[in-house]
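Asker: One structure, pasted below without further comment.
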Amino acid sequence: MNKYNVDLSRALIKPLYMGLLINIFIPVLILGIAYYMEQGRAIETQMSAEELNIFFWVLAAVAIADGAVAIILKQKRFFAPMIRSKETFEQDFTNGVFTASIMCYALTSVISIYGLVFYILGGTLAHLFFFVFVSFIAFQLIRPRLGFLEKALAAQEKHVEEGRFAATRGQQIS
């Protein structure tokens with residue numbers, strides 16, 4: 001165990017399951033919607049082929065940027081002080097891991113929505129699958145693992161030892 005008896009497996013399980021739900025349910029739902037739309041192909045191309053090609057690359061760049069932002073956010077959130085007091089260390093750590101994870105998962109799941117937007121504007125199902133695939137890869141890169149949580153926990157213990165605590169609700173950060 002560790003100094004504050006934090007069960008890392010317990011801290012990891014809830015965010016991991018929520019991440020799987022977010023990053024599998026949303027893309028599958030989007031693919032289902034697109035598949036339904038494909039059956040009737042109720043959507044006509046809104047853009048020329050050249051415009052569509054440019055828009056694809058713009059959305060692909062934005063999707064990759066979203067993945068990079070999620071990685072940076074993960075590093076910042078997990079290593080910033082998240083403990084409010086020594087007495088609530090375990091609960092604060094668990095809540096902080098959950099909150100930071102959900103923020104990162106939301107960023108990666110949006111990538112699938114970019115694919116749906118592109119599909120609606122005239123793209124193909126293959127393009128949509130590309131964005132869903134990028135979303136899955138981003139999820140795999142940002143999901144916290146046990147070794148990462150051990151490092152984050154050590155950082156939180158160091159913050160507490162040095163007297164750096166997270167701001168409580170209603171308290172302003174200066």
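By order of appearance in the structure tokens: chains A, B, ..., then residues from 1 within every chain, and ligands from 1 in the order shown.
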Please provide the set of residues having any atom within 12 Å of region 126-138 of chain A, restricted to only C-alpha atoms, with same-chain residues fewer than 4 positions apart removed, written as a compact mmCIF listing (two decimals) with all heavy atoms, in the first residue's frame.
Answerer:
# COMPACT_ATOMS: atom_id res chain seq x y z
N GLY A 19 -15.16 5.40 -18.97
CA GLY A 19 -14.47 5.68 -20.23
C GLY A 19 -14.84 4.69 -21.31
O GLY A 19 -15.04 5.07 -22.47
N LEU A 20 -14.93 3.43 -20.95
CA LEU A 20 -15.36 2.43 -21.92
C LEU A 20 -16.78 2.71 -22.39
O LEU A 20 -17.09 2.59 -23.58
CB LEU A 20 -15.26 1.03 -21.32
CG LEU A 20 -13.85 0.48 -21.16
CD1 LEU A 20 -13.87 -0.81 -20.35
CD2 LEU A 20 -13.20 0.27 -22.50
N LEU A 21 -17.64 3.09 -21.46
CA LEU A 21 -19.02 3.42 -21.82
C LEU A 21 -19.05 4.61 -22.77
O LEU A 21 -19.70 4.56 -23.82
CB LEU A 21 -19.83 3.73 -20.56
CG LEU A 21 -21.28 4.10 -20.78
CD1 LEU A 21 -22.06 2.89 -21.29
CD2 LEU A 21 -21.90 4.62 -19.50
N ILE A 22 -18.32 5.67 -22.43
CA ILE A 22 -18.32 6.88 -23.25
C ILE A 22 -17.68 6.62 -24.60
O ILE A 22 -18.20 7.03 -25.63
CB ILE A 22 -17.58 8.02 -22.51
CG1 ILE A 22 -18.39 8.50 -21.31
CG2 ILE A 22 -17.29 9.19 -23.45
CD1 ILE A 22 -17.64 9.45 -20.40
N ASN A 23 -16.54 5.96 -24.62
CA ASN A 23 -15.78 5.82 -25.85
C ASN A 23 -16.14 4.60 -26.68
O ASN A 23 -15.52 4.36 -27.71
CB ASN A 23 -14.28 5.85 -25.54
CG ASN A 23 -13.82 7.25 -25.22
OD1 ASN A 23 -13.62 8.06 -26.11
ND2 ASN A 23 -13.68 7.55 -23.94
N ILE A 24 -17.10 3.83 -26.23
CA ILE A 24 -17.62 2.75 -27.07
C ILE A 24 -19.08 3.02 -27.40
O ILE A 24 -19.49 2.91 -28.55
CB ILE A 24 -17.44 1.38 -26.38
CG1 ILE A 24 -15.96 1.02 -26.37
CG2 ILE A 24 -18.25 0.31 -27.11
CD1 ILE A 24 -15.62 -0.27 -25.70
N PHE A 25 -19.87 3.43 -26.41
CA PHE A 25 -21.29 3.66 -26.65
C PHE A 25 -21.52 4.80 -27.64
O PHE A 25 -22.32 4.65 -28.57
CB PHE A 25 -22.01 3.95 -25.33
CG PHE A 25 -23.47 4.21 -25.49
CD1 PHE A 25 -24.34 3.17 -25.80
CD2 PHE A 25 -24.00 5.48 -25.35
CE1 PHE A 25 -25.71 3.41 -25.96
CE2 PHE A 25 -25.34 5.73 -25.52
CZ PHE A 25 -26.20 4.69 -25.82
N ILE A 26 -20.85 5.92 -27.45
CA ILE A 26 -21.06 7.07 -28.33
C ILE A 26 -20.66 6.75 -29.77
O ILE A 26 -21.45 6.98 -30.70
CB ILE A 26 -20.35 8.33 -27.79
CG1 ILE A 26 -21.07 8.82 -26.53
CG2 ILE A 26 -20.30 9.44 -28.85
CD1 ILE A 26 -20.42 9.96 -25.81
N PRO A 27 -19.45 6.20 -30.02
CA PRO A 27 -19.11 5.86 -31.41
C PRO A 27 -20.04 4.81 -32.03
O PRO A 27 -20.40 4.92 -33.21
CB PRO A 27 -17.68 5.32 -31.32
CG PRO A 27 -17.12 5.97 -30.11
CD PRO A 27 -18.27 6.06 -29.16
N VAL A 28 -20.46 3.82 -31.26
CA VAL A 28 -21.38 2.80 -31.80
C VAL A 28 -22.72 3.45 -32.12
O VAL A 28 -23.33 3.14 -33.15
CB VAL A 28 -21.52 1.62 -30.82
CG1 VAL A 28 -22.70 0.73 -31.18
CG2 VAL A 28 -20.24 0.81 -30.78
N LEU A 29 -23.17 4.33 -31.27
CA LEU A 29 -24.42 5.06 -31.53
C LEU A 29 -24.29 5.89 -32.80
O LEU A 29 -25.19 5.88 -33.65
CB LEU A 29 -24.78 5.95 -30.34
CG LEU A 29 -26.07 6.74 -30.43
CD1 LEU A 29 -27.27 5.80 -30.44
CD2 LEU A 29 -26.17 7.71 -29.28
N ILE A 30 -23.17 6.56 -32.96
CA ILE A 30 -22.94 7.37 -34.16
C ILE A 30 -22.90 6.49 -35.40
O ILE A 30 -23.49 6.83 -36.43
CB ILE A 30 -21.64 8.19 -34.00
CG1 ILE A 30 -21.88 9.31 -32.99
CG2 ILE A 30 -21.17 8.75 -35.34
CD1 ILE A 30 -20.65 10.06 -32.59
N LEU A 31 -22.21 5.36 -35.31
CA LEU A 31 -22.17 4.44 -36.45
C LEU A 31 -23.56 3.90 -36.79
O LEU A 31 -23.91 3.74 -37.95
CB LEU A 31 -21.20 3.29 -36.18
CG LEU A 31 -19.72 3.64 -36.23
CD1 LEU A 31 -18.88 2.48 -35.72
CD2 LEU A 31 -19.31 4.04 -37.63
N GLY A 32 -24.36 3.63 -35.76
CA GLY A 32 -25.73 3.17 -35.97
C GLY A 32 -26.56 4.22 -36.68
O GLY A 32 -27.33 3.91 -37.60
N ILE A 33 -26.41 5.47 -36.26
CA ILE A 33 -27.15 6.56 -36.91
C ILE A 33 -26.73 6.67 -38.37
O ILE A 33 -27.56 6.78 -39.27
CB ILE A 33 -26.91 7.90 -36.17
CG1 ILE A 33 -27.59 7.86 -34.80
CG2 ILE A 33 -27.39 9.09 -36.99
CD1 ILE A 33 -27.19 9.01 -33.87
N ALA A 34 -25.42 6.61 -38.61
CA ALA A 34 -24.91 6.72 -39.98
C ALA A 34 -25.37 5.54 -40.82
O ALA A 34 -25.73 5.71 -42.00
CB ALA A 34 -23.39 6.82 -39.98
N TYR A 35 -25.37 4.37 -40.24
CA TYR A 35 -25.82 3.19 -40.99
C TYR A 35 -27.29 3.33 -41.36
O TYR A 35 -27.69 3.02 -42.49
CB TYR A 35 -25.60 1.92 -40.16
CG TYR A 35 -26.07 0.67 -40.86
CD1 TYR A 35 -25.31 0.12 -41.89
CD2 TYR A 35 -27.25 0.06 -40.50
CE1 TYR A 35 -25.75 -1.02 -42.55
CE2 TYR A 35 -27.69 -1.08 -41.15
CZ TYR A 35 -26.94 -1.62 -42.18
OH TYR A 35 -27.37 -2.74 -42.83
N GLU A 38 -27.53 5.73 -44.11
CA GLU A 38 -26.99 5.16 -45.34
C GLU A 38 -28.04 4.32 -46.06
O GLU A 38 -28.06 4.28 -47.30
CB GLU A 38 -25.76 4.31 -45.02
CG GLU A 38 -25.05 3.73 -46.20
CD GLU A 38 -24.19 4.74 -46.95
OE1 GLU A 38 -23.89 5.81 -46.41
OE2 GLU A 38 -23.81 4.43 -48.08
N LEU A 52 -14.90 19.10 -49.86
CA LEU A 52 -15.05 17.97 -48.95
C LEU A 52 -13.69 17.41 -48.56
O LEU A 52 -13.45 17.10 -47.39
CB LEU A 52 -15.92 16.90 -49.59
CG LEU A 52 -16.63 15.93 -48.67
CD1 LEU A 52 -17.51 16.67 -47.68
CD2 LEU A 52 -17.46 14.96 -49.47
N ASN A 53 -12.78 17.30 -49.52
CA ASN A 53 -11.44 16.80 -49.26
C ASN A 53 -10.69 17.73 -48.29
O ASN A 53 -10.05 17.26 -47.34
CB ASN A 53 -10.66 16.65 -50.56
CG ASN A 53 -9.35 15.94 -50.36
OD1 ASN A 53 -9.24 15.02 -49.55
ND2 ASN A 53 -8.34 16.37 -51.09
N PHE A 55 -12.05 19.83 -46.18
CA PHE A 55 -12.73 19.75 -44.88
C PHE A 55 -12.34 18.48 -44.12
O PHE A 55 -12.20 18.50 -42.90
CB PHE A 55 -14.25 19.85 -45.07
CG PHE A 55 -15.00 20.08 -43.80
CD1 PHE A 55 -14.80 21.23 -43.05
CD2 PHE A 55 -15.91 19.14 -43.34
CE1 PHE A 55 -15.49 21.44 -41.87
CE2 PHE A 55 -16.60 19.34 -42.16
CZ PHE A 55 -16.40 20.50 -41.43
N PHE A 56 -12.17 17.39 -44.86
CA PHE A 56 -11.73 16.14 -44.22
C PHE A 56 -10.39 16.34 -43.53
O PHE A 56 -10.20 15.94 -42.38
CB PHE A 56 -11.63 15.01 -45.25
CG PHE A 56 -10.97 13.77 -44.70
CD1 PHE A 56 -11.68 12.91 -43.88
CD2 PHE A 56 -9.64 13.49 -44.96
CE1 PHE A 56 -11.08 11.78 -43.34
CE2 PHE A 56 -9.03 12.37 -44.44
CZ PHE A 56 -9.75 11.50 -43.63
N TRP A 57 -9.44 16.92 -44.23
CA TRP A 57 -8.11 17.10 -43.65
C TRP A 57 -8.13 18.10 -42.49
O TRP A 57 -7.38 17.94 -41.52
CB TRP A 57 -7.10 17.49 -44.72
CG TRP A 57 -6.82 16.32 -45.62
CD1 TRP A 57 -7.20 16.16 -46.91
CD2 TRP A 57 -6.15 15.11 -45.25
NE1 TRP A 57 -6.81 14.93 -47.38
CE2 TRP A 57 -6.16 14.27 -46.38
CE3 TRP A 57 -5.55 14.66 -44.07
CZ2 TRP A 57 -5.58 13.00 -46.36
CZ3 TRP A 57 -4.97 13.39 -44.06
CH2 TRP A 57 -4.99 12.58 -45.20
N LEU A 59 -10.73 18.53 -40.43
CA LEU A 59 -11.30 17.78 -39.31
C LEU A 59 -10.32 16.74 -38.77
O LEU A 59 -10.26 16.51 -37.56
CB LEU A 59 -12.61 17.10 -39.72
CG LEU A 59 -13.85 17.97 -39.71
CD1 LEU A 59 -15.07 17.17 -40.14
CD2 LEU A 59 -14.08 18.59 -38.35
N ALA A 60 -9.55 16.11 -39.64
CA ALA A 60 -8.54 15.14 -39.19
C ALA A 60 -7.50 15.84 -38.32
O ALA A 60 -7.09 15.31 -37.28
CB ALA A 60 -7.88 14.46 -40.38
N ALA A 61 -7.07 17.04 -38.73
CA ALA A 61 -6.10 17.80 -37.93
C ALA A 61 -6.71 18.20 -36.58
O ALA A 61 -6.04 18.11 -35.54
CB ALA A 61 -5.64 19.04 -38.70
N VAL A 62 -7.96 18.61 -36.59
CA VAL A 62 -8.64 18.98 -35.34
C VAL A 62 -8.77 17.76 -34.44
O VAL A 62 -8.59 17.84 -33.22
CB VAL A 62 -10.01 19.63 -35.63
CG1 VAL A 62 -10.81 19.81 -34.36
CG2 VAL A 62 -9.82 20.96 -36.33
N ALA A 63 -9.07 16.61 -35.03
CA ALA A 63 -9.19 15.37 -34.24
C ALA A 63 -7.86 15.01 -33.58
O ALA A 63 -7.83 14.66 -32.39
CB ALA A 63 -9.66 14.23 -35.13
N ILE A 64 -6.78 15.12 -34.32
CA ILE A 64 -5.47 14.83 -33.75
C ILE A 64 -5.11 15.86 -32.68
O ILE A 64 -4.56 15.52 -31.63
CB ILE A 64 -4.40 14.75 -34.86
CG1 ILE A 64 -4.68 13.51 -35.71
CG2 ILE A 64 -2.99 14.73 -34.29
CD1 ILE A 64 -3.90 13.42 -36.99
N ALA A 65 -5.47 17.12 -32.92
CA ALA A 65 -5.24 18.16 -31.91
C ALA A 65 -6.05 17.87 -30.64
O ALA A 65 -5.55 18.08 -29.52
CB ALA A 65 -5.60 19.53 -32.48
N ASP A 66 -7.29 17.40 -30.79
CA ASP A 66 -8.09 17.03 -29.63
C ASP A 66 -7.41 15.93 -28.82
O ASP A 66 -7.41 15.95 -27.59
CB ASP A 66 -9.48 16.55 -30.05
CG ASP A 66 -10.50 17.66 -30.08
OD1 ASP A 66 -10.14 18.82 -29.81
OD2 ASP A 66 -11.67 17.37 -30.39
N GLY A 67 -6.86 14.95 -29.52
CA GLY A 67 -6.13 13.88 -28.84
C GLY A 67 -4.93 14.43 -28.09
O GLY A 67 -4.67 14.05 -26.94
N ALA A 68 -4.21 15.35 -28.71
CA ALA A 68 -3.05 15.96 -28.04
C ALA A 68 -3.48 16.79 -26.83
O ALA A 68 -2.83 16.73 -25.77
CB ALA A 68 -2.28 16.83 -29.03
N VAL A 69 -4.57 17.52 -26.96
CA VAL A 69 -5.09 18.31 -25.83
C VAL A 69 -5.50 17.38 -24.69
O VAL A 69 -5.25 17.68 -23.51
CB VAL A 69 -6.26 19.21 -26.28
CG1 VAL A 69 -7.01 19.79 -25.08
CG2 VAL A 69 -5.76 20.32 -27.19
N ALA A 70 -6.09 16.25 -25.02
CA ALA A 70 -6.49 15.28 -23.98
C ALA A 70 -5.26 14.74 -23.25
O ALA A 70 -5.29 14.60 -22.02
CB ALA A 70 -7.28 14.13 -24.60
N ILE A 71 -4.18 14.48 -23.97
CA ILE A 71 -2.95 14.00 -23.33
C ILE A 71 -2.36 15.07 -22.42
O ILE A 71 -1.97 14.79 -21.28
CB ILE A 71 -1.93 13.56 -24.41
CG1 ILE A 71 -2.42 12.29 -25.09
CG2 ILE A 71 -0.55 13.34 -23.80
CD1 ILE A 71 -1.63 11.89 -26.33
N LYS A 74 -4.56 15.49 -19.38
CA LYS A 74 -4.34 14.36 -18.47
C LYS A 74 -3.13 14.63 -17.59
O LYS A 74 -3.18 14.47 -16.37
CB LYS A 74 -4.16 13.07 -19.27
CG LYS A 74 -3.77 11.87 -18.44
CD LYS A 74 -3.49 10.68 -19.34
CE LYS A 74 -2.78 9.58 -18.60
NZ LYS A 74 -2.39 8.47 -19.46
N CYS A 104 -11.01 14.03 -20.04
CA CYS A 104 -10.20 13.51 -21.15
C CYS A 104 -11.03 12.61 -22.06
O CYS A 104 -10.90 12.68 -23.29
CB CYS A 104 -8.99 12.74 -20.60
SG CYS A 104 -7.81 13.79 -19.74
N TYR A 105 -11.88 11.78 -21.48
CA TYR A 105 -12.73 10.89 -22.28
C TYR A 105 -13.68 11.69 -23.15
O TYR A 105 -13.96 11.32 -24.29
CB TYR A 105 -13.54 9.95 -21.40
CG TYR A 105 -12.72 9.00 -20.57
CD1 TYR A 105 -13.22 8.51 -19.37
CD2 TYR A 105 -11.46 8.57 -20.96
CE1 TYR A 105 -12.49 7.62 -18.60
CE2 TYR A 105 -10.73 7.70 -20.18
CZ TYR A 105 -11.25 7.22 -19.00
OH TYR A 105 -10.52 6.35 -18.24
N ALA A 106 -14.21 12.78 -22.62
CA ALA A 106 -15.12 13.61 -23.39
C ALA A 106 -14.41 14.19 -24.62
O ALA A 106 -14.98 14.22 -25.71
CB ALA A 106 -15.68 14.73 -22.53
N LEU A 107 -13.17 14.62 -24.42
CA LEU A 107 -12.41 15.16 -25.56
C LEU A 107 -12.19 14.11 -26.64
O LEU A 107 -12.27 14.41 -27.83
CB LEU A 107 -11.06 15.69 -25.08
CG LEU A 107 -11.05 17.11 -24.53
CD1 LEU A 107 -9.70 17.43 -23.92
CD2 LEU A 107 -11.39 18.10 -25.61
N THR A 108 -11.89 12.89 -26.24
CA THR A 108 -11.62 11.86 -27.24
C THR A 108 -12.90 11.36 -27.91
O THR A 108 -12.87 10.98 -29.07
CB THR A 108 -10.85 10.67 -26.65
OG1 THR A 108 -11.60 10.08 -25.58
CG2 THR A 108 -9.48 11.10 -26.15
N SER A 109 -14.01 11.38 -27.21
CA SER A 109 -15.26 10.91 -27.82
C SER A 109 -15.80 11.90 -28.84
O SER A 109 -16.53 11.52 -29.76
CB SER A 109 -16.31 10.60 -26.76
OG SER A 109 -16.76 11.78 -26.15
N VAL A 110 -15.44 13.16 -28.71
CA VAL A 110 -15.89 14.18 -29.66
C VAL A 110 -15.33 13.90 -31.06
O VAL A 110 -15.94 14.28 -32.06
CB VAL A 110 -15.46 15.58 -29.16
CG1 VAL A 110 -15.62 16.65 -30.22
CG2 VAL A 110 -16.27 15.96 -27.94
N ILE A 111 -14.21 13.21 -31.14
CA ILE A 111 -13.61 12.89 -32.43
C ILE A 111 -14.59 12.10 -33.30
O ILE A 111 -14.67 12.33 -34.51
CB ILE A 111 -12.27 12.14 -32.23
CG1 ILE A 111 -11.28 13.05 -31.51
CG2 ILE A 111 -11.71 11.65 -33.55
CD1 ILE A 111 -10.00 12.36 -31.05
N SER A 112 -15.34 11.22 -32.70
CA SER A 112 -16.35 10.46 -33.45
C SER A 112 -17.44 11.38 -33.99
O SER A 112 -17.97 11.15 -35.09
CB SER A 112 -16.99 9.39 -32.57
OG SER A 112 -16.05 8.45 -32.17
N ILE A 113 -17.76 12.40 -33.25
CA ILE A 113 -18.79 13.35 -33.69
C ILE A 113 -18.29 14.13 -34.91
O ILE A 113 -19.06 14.42 -35.82
CB ILE A 113 -19.20 14.28 -32.54
CG1 ILE A 113 -19.87 13.43 -31.44
CG2 ILE A 113 -20.13 15.39 -33.01
CD1 ILE A 113 -20.15 14.15 -30.16
N TYR A 114 -16.98 14.42 -34.96
CA TYR A 114 -16.42 15.05 -36.16
C TYR A 114 -16.67 14.16 -37.38
O TYR A 114 -16.97 14.66 -38.46
CB TYR A 114 -14.92 15.28 -36.02
CG TYR A 114 -14.50 16.20 -34.92
CD1 TYR A 114 -13.23 16.12 -34.39
CD2 TYR A 114 -15.35 17.17 -34.39
CE1 TYR A 114 -12.81 16.97 -33.38
CE2 TYR A 114 -14.96 18.01 -33.38
CZ TYR A 114 -13.67 17.91 -32.87
OH TYR A 114 -13.26 18.74 -31.87
N GLY A 115 -16.52 12.87 -37.19
CA GLY A 115 -16.77 11.94 -38.29
C GLY A 115 -18.21 11.97 -38.74
O GLY A 115 -18.50 11.90 -39.94
N LEU A 116 -19.13 12.06 -37.79
CA LEU A 116 -20.55 12.15 -38.14
C LEU A 116 -20.84 13.43 -38.92
O LEU A 116 -21.57 13.40 -39.92
CB LEU A 116 -21.43 12.06 -36.89
CG LEU A 116 -22.93 12.12 -37.13
CD1 LEU A 116 -23.39 10.94 -37.99
CD2 LEU A 116 -23.68 12.17 -35.82
N VAL A 117 -20.26 14.53 -38.48
CA VAL A 117 -20.45 15.80 -39.19
C VAL A 117 -19.94 15.67 -40.62
O VAL A 117 -20.61 16.07 -41.57
CB VAL A 117 -19.73 16.95 -38.45
CG1 VAL A 117 -19.65 18.21 -39.31
CG2 VAL A 117 -20.41 17.25 -37.13
N PHE A 118 -18.75 15.08 -40.77
CA PHE A 118 -18.19 14.92 -42.11
C PHE A 118 -19.08 14.00 -42.96
O PHE A 118 -19.30 14.27 -44.14
CB PHE A 118 -16.77 14.37 -42.04
CG PHE A 118 -16.09 14.32 -43.37
CD1 PHE A 118 -15.64 15.48 -43.97
CD2 PHE A 118 -15.94 13.12 -44.04
CE1 PHE A 118 -15.04 15.45 -45.20
CE2 PHE A 118 -15.34 13.08 -45.28
CZ PHE A 118 -14.89 14.25 -45.87
N TYR A 119 -19.58 12.96 -42.35
CA TYR A 119 -20.46 12.03 -43.06
C TYR A 119 -21.72 12.75 -43.54
O TYR A 119 -22.16 12.59 -44.68
CB TYR A 119 -20.82 10.85 -42.17
CG TYR A 119 -21.80 9.91 -42.81
CD1 TYR A 119 -21.39 9.03 -43.80
CD2 TYR A 119 -23.14 9.93 -42.45
CE1 TYR A 119 -22.30 8.16 -44.42
CE2 TYR A 119 -24.05 9.09 -43.06
CZ TYR A 119 -23.62 8.20 -44.04
OH TYR A 119 -24.52 7.38 -44.65
N ILE A 120 -22.30 13.55 -42.67
CA ILE A 120 -23.52 14.28 -43.02
C ILE A 120 -23.28 15.26 -44.16
O ILE A 120 -24.12 15.45 -45.03
CB ILE A 120 -24.10 15.01 -41.78
CG1 ILE A 120 -24.68 13.97 -40.81
CG2 ILE A 120 -25.15 16.04 -42.17
CD1 ILE A 120 -25.07 14.53 -39.47
N LEU A 121 -22.08 15.84 -44.20
CA LEU A 121 -21.76 16.79 -45.26
C LEU A 121 -21.44 16.13 -46.59
O LEU A 121 -21.24 16.82 -47.59
CB LEU A 121 -20.60 17.69 -44.83
CG LEU A 121 -20.93 18.66 -43.72
CD1 LEU A 121 -19.69 19.42 -43.28
CD2 LEU A 121 -22.03 19.63 -44.14
N GLY A 122 -21.36 14.80 -46.61
CA GLY A 122 -21.15 14.12 -47.88
C GLY A 122 -20.06 13.07 -47.86
O GLY A 122 -19.75 12.49 -48.90
N ILE A 142 -4.97 7.93 -23.67
CA ILE A 142 -5.20 8.78 -22.50
C ILE A 142 -5.76 8.05 -21.28
O ILE A 142 -5.71 8.59 -20.19
CB ILE A 142 -6.13 9.97 -22.83
CG1 ILE A 142 -7.51 9.51 -23.30
CG2 ILE A 142 -5.51 10.87 -23.84
CD1 ILE A 142 -8.57 9.81 -22.33
N ARG A 143 -6.25 6.86 -21.46
CA ARG A 143 -6.83 6.20 -20.28
C ARG A 143 -5.74 5.95 -19.24
O ARG A 143 -4.64 5.51 -19.58
CB ARG A 143 -7.56 4.92 -20.65
CG ARG A 143 -6.68 3.78 -21.05
CD ARG A 143 -7.52 2.54 -21.36
NE ARG A 143 -6.69 1.48 -21.86
CZ ARG A 143 -6.09 0.58 -21.07
NH1 ARG A 143 -6.28 0.61 -19.78
NH2 ARG A 143 -5.33 -0.36 -21.60
N PRO A 144 -6.02 6.26 -17.98
CA PRO A 144 -5.00 6.06 -16.95
C PRO A 144 -4.78 4.57 -16.68
O PRO A 144 -5.71 3.78 -16.68
CB PRO A 144 -5.58 6.77 -15.73
CG PRO A 144 -7.04 6.87 -15.99
CD PRO A 144 -7.24 6.85 -17.46
Asker: Which region 88-110 of chain A residues have any atom within 12 Å of an atom of region 161-165 of chain A, and for each, what is the nearest pair of atoms with distance in Å to one decimal, counting only C-alpha atoms, rows sorted by chain and number, as a Markdown table?
Answerer:
| residue | atom | partner | partner_atom | distance |
| --- | --- | --- | --- | --- |
| A:Thr88 | CA | A:Phe165 | CA | 11.2 |
| A:Phe89 | CA | A:Phe165 | CA | 10.1 |
| A:Asp92 | CA | A:Phe165 | CA | 10.4 |
| A:Phe93 | CA | A:Phe165 | CA | 11.5 |
Asker: What would the file look like if the residues just selected were written as a CSV table (one decimal), in the first residue's frame with N, CA, C and O atoms?
Answerer:
chain,number,residue,atom,x,y,z
A,88,THR,N,-9.2,13.7,4.1
A,88,THR,CA,-10.0,13.2,2.9
A,88,THR,C,-9.1,12.8,1.7
A,88,THR,O,-9.6,12.8,0.6
A,89,PHE,N,-7.9,12.4,2.0
A,89,PHE,CA,-6.9,12.2,0.9
A,89,PHE,C,-7.5,11.1,-0.1
A,89,PHE,O,-7.5,11.3,-1.3
A,92,ASP,N,-10.6,12.4,-2.0
A,92,ASP,CA,-10.2,13.4,-2.9
A,92,ASP,C,-9.4,12.9,-4.1
A,92,ASP,O,-9.7,13.3,-5.2
A,93,PHE,N,-8.6,11.9,-3.9
A,93,PHE,CA,-7.8,11.3,-5.0
A,93,PHE,C,-8.7,10.6,-5.9
A,93,PHE,O,-8.6,10.7,-7.1
Asker: I need the residues in region 7-153 of chain A that are alpha helix (DSSP H) according to DSSP; give them as a PyMOL selection string.
Answerer: chain A and resi 8-20+26-40+49-79+89-120+125-142+146-153
Asker: Between A:Gly123, A:Ala49, A:Leu141, A:Gly96, single out the one closest to Leu153 (chain A), counting only C-alpha atoms.
Answerer: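 Closest candidate: A:Gly96.
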Asker: So that I can see what lies close to Ala152 (chain A), please list as a ChimeraX atom specification the residues with an atom at most 7 Å from it, counting only C-alpha atoms and leaving out residues fewer than 3 positions away in the same chain.
Answerer: /A:78-79,148-149,155-156
Asker: CA of Thr99 (chain A) to CA of Lys76 (chain A): how many Å, to one decimal?
Answerer: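 Interatomic distance, CA of Thr99 (chain A) to CA of Lys76 (chain A): 12.6 Å.
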Asker: Looking at only C-alpha atoms, which of A:Val97, A:Ile83, A:Leu125, A:Met103 is the one that sits closest to Thr168 (chain A)?
Answerer: A:Ile83
